[in-house]
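J.: Quick one, my_file-v6.pdb (PDB, N, CA and C atoms):
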```pdb
ATOM      1  N   MET C   1     -15.524  30.039  25.572
ATOM      2  CA  MET C   1     -15.182  28.684  25.178
ATOM      3  C   MET C   1     -15.414  28.555  23.671
ATOM      4  N   THR C   2     -14.451  27.998  22.986
ATOM      5  CA  THR C   2     -14.549  27.758  21.554
ATOM      6  C   THR C   2     -14.770  26.264  21.342
ATOM      7  N   ARG C   3     -15.782  25.938  20.562
ATOM      8  CA  ARG C   3     -16.081  24.525  20.327
ATOM      9  C   ARG C   3     -15.792  24.152  18.878
ATOM     10  N   HIS C   4     -15.221  22.969  18.727
ATOM     11  CA  HIS C   4     -15.001  22.350  17.426
ATOM     12  C   HIS C   4     -16.326  21.732  17.006
ATOM     13  N   ARG C   5     -16.519  21.483  15.726
ATOM     14  CA  ARG C   5     -17.797  20.942  15.280
ATOM     15  C   ARG C   5     -18.135  19.599  15.922
ATOM     16  N   GLY C   6     -17.141  18.886  16.413
ATOM     17  CA  GLY C   6     -17.390  17.634  17.114
ATOM     18  C   GLY C   6     -17.795  17.851  18.560
ATOM     19  N   GLY C   7     -17.823  19.098  19.012
ATOM     20  CA  GLY C   7     -18.268  19.416  20.355
ATOM     21  C   GLY C   7     -17.157  19.598  21.363
ATOM     22  N   GLU C   8     -15.885  19.385  20.963
ATOM     23  CA  GLU C   8     -14.785  19.515  21.902
ATOM     24  C   GLU C   8     -14.516  20.987  22.208
ATOM     25  N   ASP C   9     -14.157  21.243  23.454
ATOM     26  CA  ASP C   9     -13.749  22.579  23.877
ATOM     27  C   ASP C   9     -12.293  22.753  23.468
ATOM     28  N   VAL C  10     -12.041  23.465  22.363
ATOM     29  CA  VAL C  10     -10.681  23.572  21.843
ATOM     30  C   VAL C  10      -9.834  24.576  22.619
ATOM     31  N   ASP C  11     -10.421  25.293  23.591
ATOM     32  CA  ASP C  11      -9.618  26.147  24.458
ATOM     33  C   ASP C  11      -8.944  25.324  25.549
ATOM     34  N   ASP C  12      -9.447  24.137  25.797
ATOM     35  CA  ASP C  12      -8.868  23.202  26.755
ATOM     36  C   ASP C  12      -7.860  22.336  26.001
ATOM     37  N   PRO C  13      -6.631  22.161  26.516
ATOM     38  CA  PRO C  13      -5.630  21.379  25.770
ATOM     39  C   PRO C  13      -6.095  19.982  25.386
ATOM     40  N   SER C  14      -6.789  19.288  26.267
ATOM     41  CA  SER C  14      -7.221  17.937  25.897
ATOM     42  C   SER C  14      -8.319  17.995  24.844
ATOM     43  N   GLY C  15      -9.178  19.007  24.905
ATOM     44  CA  GLY C  15     -10.195  19.180  23.873
ATOM     45  C   GLY C  15      -9.575  19.541  22.540
ATOM     46  N   ALA C  16      -8.551  20.388  22.569
ATOM     47  CA  ALA C  16      -7.856  20.764  21.339
ATOM     48  C   ALA C  16      -7.164  19.553  20.731
ATOM     49  N   ALA C  17      -6.544  18.735  21.562
ATOM     50  CA  ALA C  17      -5.877  17.528  21.065
ATOM     51  C   ALA C  17      -6.896  16.580  20.444
ATOM     52  N   ARG C  18      -8.032  16.421  21.092
ATOM     53  CA  ARG C  18      -9.088  15.544  20.561
ATOM     54  C   ARG C  18      -9.624  16.082  19.236
ATOM     55  N   ALA C  19      -9.815  17.395  19.144
ATOM     56  CA  ALA C  19     -10.302  18.001  17.906
ATOM     57  C   ALA C  19      -9.302  17.779  16.771
ATOM     58  N   LEU C  20      -8.023  17.954  17.057
ATOM     59  CA  LEU C  20      -6.990  17.745  16.047
ATOM     60  C   LEU C  20      -6.974  16.286  15.600
ATOM     61  N   TRP C  21      -7.059  15.361  16.551
ATOM     62  CA  TRP C  21      -7.080  13.938  16.223
ATOM     63  C   TRP C  21      -8.286  13.624  15.335
ATOM     64  N   THR C  22      -9.446  14.170  15.660
ATOM     65  CA  THR C  22     -10.660  13.924  14.890
ATOM     66  C   THR C  22     -10.485  14.375  13.436
ATOM     67  N   LEU C  23      -9.795  15.487  13.246
ATOM     68  CA  LEU C  23      -9.587  16.009  11.896
ATOM     69  C   LEU C  23      -8.527  15.229  11.120
ATOM     70  N   LEU C  24      -7.472  14.812  11.792
ATOM     71  CA  LEU C  24      -6.339  14.203  11.096
ATOM     72  C   LEU C  24      -6.381  12.680  11.007
ATOM     73  N   GLU C  25      -7.071  12.013  11.899
ATOM     74  CA  GLU C  25      -7.061  10.555  11.901
ATOM     75  C   GLU C  25      -7.559   9.951  10.594
ATOM     76  N   PRO C  26      -8.580  10.488   9.942
ATOM     77  CA  PRO C  26      -8.978   9.896   8.652
ATOM     78  C   PRO C  26      -7.860   9.950   7.606
ATOM     79  N   VAL C  27      -7.054  10.999   7.612
ATOM     80  CA  VAL C  27      -5.939  11.090   6.680
ATOM     81  C   VAL C  27      -4.844  10.101   7.093
ATOM     82  N   HIS C  28      -4.577  10.006   8.383
ATOM     83  CA  HIS C  28      -3.557   9.087   8.889
ATOM     84  C   HIS C  28      -3.946   7.631   8.634
ATOM     85  N   ALA C  29      -5.212   7.307   8.748
ATOM     86  CA  ALA C  29      -5.655   5.920   8.620
ATOM     87  C   ALA C  29      -5.328   5.325   7.252
ATOM     88  N   VAL C  30      -5.377   6.132   6.199
ATOM     89  CA  VAL C  30      -5.074   5.577   4.878
ATOM     90  C   VAL C  30      -3.630   5.104   4.788
ATOM     91  N   THR C  31      -2.768   5.630   5.649
ATOM     92  CA  THR C  31      -1.365   5.247   5.641
ATOM     93  C   THR C  31      -1.180   3.753   5.857
ATOM     94  N   TYR C  32      -2.084   3.118   6.550
ATOM     95  CA  TYR C  32      -1.949   1.696   6.877
ATOM     96  C   TYR C  32      -3.090   0.831   6.359
ATOM     97  N   PHE C  33      -4.283   1.391   6.245
ATOM     98  CA  PHE C  33      -5.469   0.566   6.018
ATOM     99  C   PHE C  33      -6.006   0.578   4.595
ATOM    100  N   ALA C  34      -5.631   1.542   3.774
ATOM    101  CA  ALA C  34      -6.112   1.588   2.393
ATOM    102  C   ALA C  34      -5.437   0.492   1.570
ATOM    103  N   PRO C  35      -6.117  -0.032   0.574
ATOM    104  CA  PRO C  35      -5.508  -1.071  -0.263
ATOM    105  C   PRO C  35      -4.190  -0.627  -0.900
ATOM    106  N   GLU C  36      -4.103   0.635  -1.287
ATOM    107  CA  GLU C  36      -2.872   1.132  -1.894
ATOM    108  C   GLU C  36      -1.704   1.062  -0.915
ATOM    109  N   ALA C  37      -1.978   1.330   0.347
ATOM    110  CA  ALA C  37      -0.938   1.261   1.371
ATOM    111  C   ALA C  37      -0.471  -0.173   1.566
ATOM    112  N   ARG C  38      -1.416  -1.085   1.670
ATOM    113  CA  ARG C  38      -1.045  -2.494   1.838
ATOM    114  C   ARG C  38      -0.247  -2.989   0.636
ATOM    115  N   ASP C  39      -0.655  -2.573  -0.567
ATOM    116  CA  ASP C  39       0.079  -2.981  -1.777
ATOM    117  C   ASP C  39       1.513  -2.442  -1.770
ATOM    118  N   ALA C  40       1.687  -1.185  -1.350
ATOM    119  CA  ALA C  40       3.032  -0.591  -1.312
ATOM    120  C   ALA C  40       3.925  -1.325  -0.319
ATOM    121  N   PHE C  41       3.389  -1.693   0.840
ATOM    122  CA  PHE C  41       4.186  -2.452   1.808
ATOM    123  C   PHE C  41       4.538  -3.829   1.248
ATOM    124  N   GLU C  42       3.585  -4.486   0.598
ATOM    125  CA  GLU C  42       3.859  -5.785  -0.030
ATOM    126  C   GLU C  42       4.957  -5.648  -1.086
ATOM    127  N   ASP C  43       4.873  -4.581  -1.900
ATOM    128  CA  ASP C  43       5.893  -4.353  -2.931
ATOM    129  C   ASP C  43       7.282  -4.143  -2.325
ATOM    130  N   ALA C  44       7.326  -3.652  -1.096
ATOM    131  CA  ALA C  44       8.607  -3.455  -0.401
ATOM    132  C   ALA C  44       9.086  -4.741   0.267
ATOM    133  N   GLY C  45       8.332  -5.822   0.097
ATOM    134  CA  GLY C  45       8.715  -7.103   0.681
ATOM    135  C   GLY C  45       8.128  -7.366   2.045
ATOM    136  N   LEU C  46       7.284  -6.472   2.526
ATOM    137  CA  LEU C  46       6.692  -6.609   3.857
ATOM    138  C   LEU C  46       5.365  -7.339   3.730
ATOM    139  N   ARG C  47       5.430  -8.646   3.772
ATOM    140  CA  ARG C  47       4.267  -9.504   3.563
ATOM    141  C   ARG C  47       3.406  -9.557   4.816
ATOM    142  N   GLY C  48       2.113  -9.431   4.608
ATOM    143  CA  GLY C  48       1.160  -9.491   5.708
ATOM    144  C   GLY C  48       0.925  -8.114   6.313
ATOM    145  N   PHE C  49      -0.294  -7.884   6.737
ATOM    146  CA  PHE C  49      -0.678  -6.561   7.233
ATOM    147  C   PHE C  49       0.223  -6.058   8.357
ATOM    148  N   TRP C  50       0.443  -6.884   9.389
ATOM    149  CA  TRP C  50       1.156  -6.406  10.573
ATOM    150  C   TRP C  50       2.607  -6.065  10.290
ATOM    151  N   ARG C  51       3.250  -6.768   9.389
ATOM    152  CA  ARG C  51       4.639  -6.416   9.048
ATOM    153  C   ARG C  51       4.699  -5.041   8.406
ATOM    154  N   GLY C  52       3.806  -4.770   7.454
ATOM    155  CA  GLY C  52       3.764  -3.450   6.840
ATOM    156  C   GLY C  52       3.402  -2.368   7.837
ATOM    157  N   TYR C  53       2.418  -2.665   8.664
ATOM    158  CA  TYR C  53       1.982  -1.684   9.661
ATOM    159  C   TYR C  53       3.122  -1.326  10.610
ATOM    160  N   PHE C  54       3.723  -2.330  11.217
ATOM    161  CA  PHE C  54       4.782  -2.059  12.193
ATOM    162  C   PHE C  54       6.018  -1.451  11.544
ATOM    163  N   ALA C  55       6.401  -1.930  10.365
ATOM    164  CA  ALA C  55       7.571  -1.347   9.698
ATOM    165  C   ALA C  55       7.304   0.095   9.300
ATOM    166  N   GLY C  56       6.150   0.354   8.713
ATOM    167  CA  GLY C  56       5.835   1.711   8.292
ATOM    168  C   GLY C  56       5.721   2.682   9.445
ATOM    169  N   ARG C  57       5.155   2.218  10.523
ATOM    170  CA  ARG C  57       4.970   3.110  11.678
ATOM    171  C   ARG C  57       6.247   3.249  12.501
ATOM    172  N   ALA C  58       7.042   2.180  12.600
ATOM    173  CA  ALA C  58       8.253   2.218  13.427
ATOM    174  C   ALA C  58       9.458   2.783  12.683
ATOM    175  N   ALA C  59       9.404   2.863  11.362
ATOM    176  CA  ALA C  59      10.563   3.286  10.570
ATOM    177  C   ALA C  59      11.181   4.602  11.023
ATOM    178  N   PRO C  60      10.407   5.612  11.444
ATOM    179  CA  PRO C  60      11.052   6.850  11.899
ATOM    180  C   PRO C  60      11.970   6.654  13.109
ATOM    181  N   LEU C  61      11.804   5.549  13.826
ATOM    182  CA  LEU C  61      12.661   5.263  14.980
ATOM    183  C   LEU C  61      13.981   4.622  14.566
ATOM    184  N   GLY C  62      14.115   4.251  13.295
ATOM    185  CA  GLY C  62      15.322   3.578  12.835
ATOM    186  C   GLY C  62      15.230   2.080  13.066
ATOM    187  N   GLU C  63      16.344   1.392  12.905
ATOM    188  CA  GLU C  63      16.370  -0.062  13.073
ATOM    189  C   GLU C  63      16.351  -0.411  14.555
ATOM    190  N   THR C  64      15.185  -0.344  15.120
ATOM    191  CA  THR C  64      15.036  -0.573  16.550
ATOM    192  C   THR C  64      14.332  -1.896  16.815
ATOM    193  N   GLY C  65      14.411  -2.344  18.037
ATOM    194  CA  GLY C  65      13.761  -3.578  18.449
ATOM    195  C   GLY C  65      12.373  -3.334  19.013
ATOM    196  N   PRO C  66      11.763  -4.378  19.542
ATOM    197  CA  PRO C  66      10.381  -4.287  19.983
ATOM    198  C   PRO C  66      10.140  -3.410  21.222
ATOM    199  N   GLU C  67      11.105  -3.274  22.105
ATOM    200  CA  GLU C  67      10.862  -2.523  23.343
ATOM    201  C   GLU C  67      10.549  -1.042  23.083
ATOM    202  N   PRO C  68      11.379  -0.325  22.309
ATOM    203  CA  PRO C  68      11.037   1.073  22.038
ATOM    204  C   PRO C  68       9.745   1.228  21.234
ATOM    205  N   VAL C  69       9.496   0.275  20.331
ATOM    206  CA  VAL C  69       8.271   0.341  19.534
ATOM    207  C   VAL C  69       7.051   0.119  20.427
ATOM    208  N   THR C  70       7.119  -0.846  21.319
ATOM    209  CA  THR C  70       6.016  -1.075  22.260
ATOM    210  C   THR C  70       5.755   0.183  23.074
ATOM    211  N   ALA C  71       6.808   0.812  23.554
ATOM    212  CA  ALA C  71       6.653   2.033  24.359
ATOM    213  C   ALA C  71       6.076   3.174  23.528
ATOM    214  N   ALA C  72       6.539   3.324  22.293
ATOM    215  CA  ALA C  72       6.076   4.427  21.455
ATOM    216  C   ALA C  72       4.638   4.227  20.985
ATOM    217  N   PHE C  73       4.258   3.000  20.677
ATOM    218  CA  PHE C  73       2.918   2.743  20.161
ATOM    219  C   PHE C  73       1.899   2.618  21.286
ATOM    220  N   PHE C  74       2.324   2.219  22.458
ATOM    221  CA  PHE C  74       1.568   2.140  23.702
ATOM    222  C   PHE C  74       0.456   1.099  23.733
ATOM    223  N   GLY C  75      -0.395   1.027  22.742
ATOM    224  CA  GLY C  75      -1.597   0.197  22.841
ATOM    225  C   GLY C  75      -1.443  -1.252  22.440
ATOM    226  N   PHE C  76      -0.252  -1.690  22.070
ATOM    227  CA  PHE C  76      -0.073  -3.061  21.606
ATOM    228  C   PHE C  76       0.590  -3.912  22.676
ATOM    229  N   ALA C  77       0.188  -5.162  22.730
ATOM    230  CA  ALA C  77       0.806  -6.105  23.650
ATOM    231  C   ALA C  77       2.267  -6.299  23.240
ATOM    232  N   PRO C  78       3.184  -6.288  24.205
ATOM    233  CA  PRO C  78       4.599  -6.471  23.870
ATOM    234  C   PRO C  78       4.869  -7.728  23.049
ATOM    235  N   ALA C  79       4.169  -8.817  23.336
ATOM    236  CA  ALA C  79       4.398 -10.059  22.586
ATOM    237  C   ALA C  79       3.997  -9.897  21.120
ATOM    238  N   MET C  80       2.953  -9.131  20.845
ATOM    239  CA  MET C  80       2.529  -8.914  19.461
ATOM    240  C   MET C  80       3.590  -8.121  18.695
ATOM    241  N   VAL C  81       4.116  -7.087  19.320
ATOM    242  CA  VAL C  81       5.163  -6.283  18.683
ATOM    243  C   VAL C  81       6.404  -7.141  18.463
ATOM    244  N   ALA C  82       6.766  -7.940  19.449
ATOM    245  CA  ALA C  82       7.958  -8.790  19.336
ATOM    246  C   ALA C  82       7.810  -9.805  18.212
ATOM    247  N   ARG C  83       6.592 -10.301  17.984
ATOM    248  CA  ARG C  83       6.379 -11.243  16.873
ATOM    249  C   ARG C  83       6.453 -10.534  15.524
ATOM    250  N   ALA C  84       6.008  -9.291  15.459
ATOM    251  CA  ALA C  84       5.958  -8.573  14.184
ATOM    252  C   ALA C  84       7.320  -8.049  13.743
ATOM    253  N   LEU C  85       8.164  -7.676  14.691
ATOM    254  CA  LEU C  85       9.397  -6.982  14.336
ATOM    255  C   LEU C  85      10.575  -7.842  13.910
ATOM    256  N   PRO C  86      10.767  -9.028  14.410
ATOM    257  CA  PRO C  86      11.992  -9.730  14.038
ATOM    258  C   PRO C  86      12.157  -9.838  12.526
ATOM    259  N   GLY C  87      13.302  -9.449  12.085
ATOM    260  CA  GLY C  87      13.623  -9.591  10.681
ATOM    261  C   GLY C  87      13.080  -8.514   9.755
ATOM    262  N   LEU C  88      12.256  -7.613  10.262
ATOM    263  CA  LEU C  88      11.697  -6.582   9.377
ATOM    264  C   LEU C  88      12.785  -5.774   8.693
ATOM    265  N   TRP C  89      13.778  -5.371   9.456
ATOM    266  CA  TRP C  89      14.793  -4.474   8.900
ATOM    267  C   TRP C  89      15.736  -5.189   7.938
ATOM    268  N   ALA C  90      15.757  -6.513   7.957
ATOM    269  CA  ALA C  90      16.513  -7.262   6.951
ATOM    270  C   ALA C  90      15.742  -7.342   5.635
ATOM    271  N   VAL C  91      14.415  -7.226   5.710
ATOM    272  CA  VAL C  91      13.560  -7.266   4.524
ATOM    273  C   VAL C  91      13.486  -5.888   3.876
ATOM    274  N   ALA C  92      13.274  -4.889   4.694
ATOM    275  CA  ALA C  92      13.159  -3.513   4.194
ATOM    276  C   ALA C  92      13.800  -2.581   5.215
ATOM    277  N   THR C  93      14.695  -1.744   4.760
ATOM    278  CA  THR C  93      15.300  -0.757   5.659
ATOM    279  C   THR C  93      14.233   0.227   6.122
ATOM    280  N   PRO C  94      14.485   0.947   7.216
ATOM    281  CA  PRO C  94      13.526   1.979   7.615
ATOM    282  C   PRO C  94      13.260   2.986   6.491
ATOM    283  N   GLU C  95      14.289   3.322   5.737
ATOM    284  CA  GLU C  95      14.101   4.265   4.622
ATOM    285  C   GLU C  95      13.148   3.688   3.576
ATOM    286  N   ARG C  96      13.301   2.399   3.275
ATOM    287  CA  ARG C  96      12.410   1.745   2.299
ATOM    288  C   ARG C  96      10.994   1.657   2.844
ATOM    289  N   ALA C  97      10.844   1.366   4.127
ATOM    290  CA  ALA C  97       9.514   1.305   4.734
ATOM    291  C   ALA C  97       8.841   2.674   4.701
ATOM    292  N   LEU C  98       9.608   3.734   4.959
ATOM    293  CA  LEU C  98       9.045   5.089   4.891
ATOM    294  C   LEU C  98       8.632   5.436   3.467
ATOM    295  N   GLU C  99       9.436   5.038   2.499
ATOM    296  CA  GLU C  99       9.082   5.294   1.098
ATOM    297  C   GLU C  99       7.803   4.549   0.727
ATOM    298  N   ALA C 100       7.675   3.306   1.172
ATOM    299  CA  ALA C 100       6.457   2.538   0.900
ATOM    300  C   ALA C 100       5.254   3.208   1.571
ATOM    301  N   ARG C 101       5.439   3.667   2.789
ATOM    302  CA  ARG C 101       4.352   4.356   3.509
ATOM    303  C   ARG C 101       3.929   5.612   2.757
ATOM    304  N   ARG C 102       4.907   6.395   2.305
ATOM    305  CA  ARG C 102       4.608   7.620   1.568
ATOM    306  C   ARG C 102       3.901   7.321   0.246
ATOM    307  N   ALA C 103       4.407   6.354  -0.483
ATOM    308  CA  ALA C 103       3.826   6.020  -1.784
ATOM    309  C   ALA C 103       2.406   5.470  -1.636
ATOM    310  N   GLY C 104       2.213   4.574  -0.692
ATOM    311  CA  GLY C 104       0.887   3.996  -0.496
ATOM    312  C   GLY C 104      -0.135   5.012  -0.029
ATOM    313  N   ALA C 105       0.253   5.845   0.931
ATOM    314  CA  ALA C 105      -0.668   6.871   1.429
ATOM    315  C   ALA C 105      -0.969   7.888   0.339
ATOM    316  N   GLY C 106       0.052   8.284  -0.438
ATOM    317  CA  GLY C 106      -0.165   9.231  -1.521
ATOM    318  C   GLY C 106      -1.130   8.689  -2.561
ATOM    319  N   ALA C 107      -0.957   7.424  -2.940
ATOM    320  CA  ALA C 107      -1.860   6.816  -3.919
ATOM    321  C   ALA C 107      -3.286   6.758  -3.382
ATOM    322  N   ALA C 108      -3.435   6.389  -2.114
ATOM    323  CA  ALA C 108      -4.772   6.306  -1.526
ATOM    324  C   ALA C 108      -5.425   7.674  -1.444
ATOM    325  N   LEU C 109      -4.685   8.678  -1.045
ATOM    326  CA  LEU C 109      -5.263  10.031  -0.932
ATOM    327  C   LEU C 109      -5.621  10.590  -2.300
ATOM    328  N   ARG C 110      -4.814  10.306  -3.312
ATOM    329  CA  ARG C 110      -5.181  10.746  -4.662
ATOM    330  C   ARG C 110      -6.474  10.099  -5.115
ATOM    331  N   ARG C 111      -6.635   8.811  -4.824
ATOM    332  CA  ARG C 111      -7.871   8.113  -5.193
ATOM    333  C   ARG C 111      -9.057   8.701  -4.434
ATOM    334  N   LEU C 112      -8.891   8.929  -3.165
ATOM    335  CA  LEU C 112      -9.993   9.428  -2.342
ATOM    336  C   LEU C 112     -10.337  10.870  -2.671
TER     337      LEU C 112
END
```
How does the structure come out when it is put into structure tokens?
T.:
Amino acid sequence: MTRHRGGEDVDDPSGAARALWTLLEPVHAVTYFAPEARDAFEDAGLRGFWRGYFAGRAAPLGETGPEPVTAAFFGFAPAMVARALPGLWAVATPERALEARRAGAGAALRRL
């Protein structure tokens, strides 16, 4: 049995997945939660945390509605996703949201 420093058995698929998540989640978190990320979403016209979060995270799916996003994100109440998504793609295209996500995360990682 091979153990990750967090104690997960990385020979077990679920342990390996948990170990990978433990290593990558701090890098992923800056994509949405760092001040630079929030500023980049605001600069793209996505006012308020949830608009930037949902647009940045859903952008790889294209101009989609709340149902596929709810299914893909899994942990959010459908009503919350439905409130966040209307009109997002009229404010910023998925390509613009991805660019804002990249720019904000890059700025935050450079600072960190």
J.: May I have the residues within 9 Å of C:Phe33 as a VMD selection string, using only C-alpha atoms and disregarding those fewer than 4 positions away in the same chain?
T.: chain C and resid 29 37 to 38 49 53
J.: Restricting it to N, CA and C atoms, dump the selection as a short mmCIF file (atom, residue, chain, number, x, y, z; two decimals), keeping the file's coordinate frame.
T.:
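The resulting file, result.cif, is reproduced below:
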```cif
data_model
loop_
_atom_site.label_atom_id
_atom_site.label_comp_id
_atom_site.auth_asym_id
_atom_site.auth_seq_id
_atom_site.Cartn_x
_atom_site.Cartn_y
_atom_site.Cartn_z
N ALA C 29 -5.21 7.31 8.75
CA ALA C 29 -5.66 5.92 8.62
C ALA C 29 -5.33 5.32 7.25
N ALA C 37 -1.98 1.33 0.35
CA ALA C 37 -0.94 1.26 1.37
C ALA C 37 -0.47 -0.17 1.57
N ARG C 38 -1.42 -1.08 1.67
CA ARG C 38 -1.04 -2.49 1.84
C ARG C 38 -0.25 -2.99 0.64
N PHE C 49 -0.29 -7.88 6.74
CA PHE C 49 -0.68 -6.56 7.23
C PHE C 49 0.22 -6.06 8.36
N TYR C 53 2.42 -2.66 8.66
CA TYR C 53 1.98 -1.68 9.66
C TYR C 53 3.12 -1.33 10.61
#
```
J.: Rounded to one decimal place, report the atom CA of C:Val91-atom CA of C:Glu42 distance in Å.
T.: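 Computed distance, atom CA of C:Val91 to atom CA of C:Glu42, equals 10.8 Å.
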J.: Here is a test: counting all atoms listed in the file, which residue of C:Leu112, C:Ala19, C:Ala55, C:Leu61 is nearest to C:Trp89?
T.: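 Of all the options, C:Ala55 lies closest to C:Trp89.
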J.: Provide the atom C of C:Val27 to atom C of C:Asp39 distance in Å, to one decimal place.
T.: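 Value for the atom C of C:Val27-atom C of C:Asp39 distance: 16.6 Å.
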J.: Mind listing the alpha helix (DSSP H) residues of stretch 18-97 of chain C, per DSSP on the backbone, as a VMD selection string?
T.: chain C and resid 18 to 33 35 to 43 49 to 58 66 to 73 78 to 84 88 to 91 94 to 97
J.: Expand the PyMOL selection byres (((chain C and resi 85 and name CA) around 9) and name CA) into the explicit residue set it covers here, and present it as number ranges by chain.
T.: C: 51, 54-55, 64-66, 80-84, 86-89
J.: Could you state the separation of atom N of C:Gly104 and atom C of C:Leu23 in Å, given to one decimal place?
T.: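 That distance, rounded to one decimal, is 19.2 Å.
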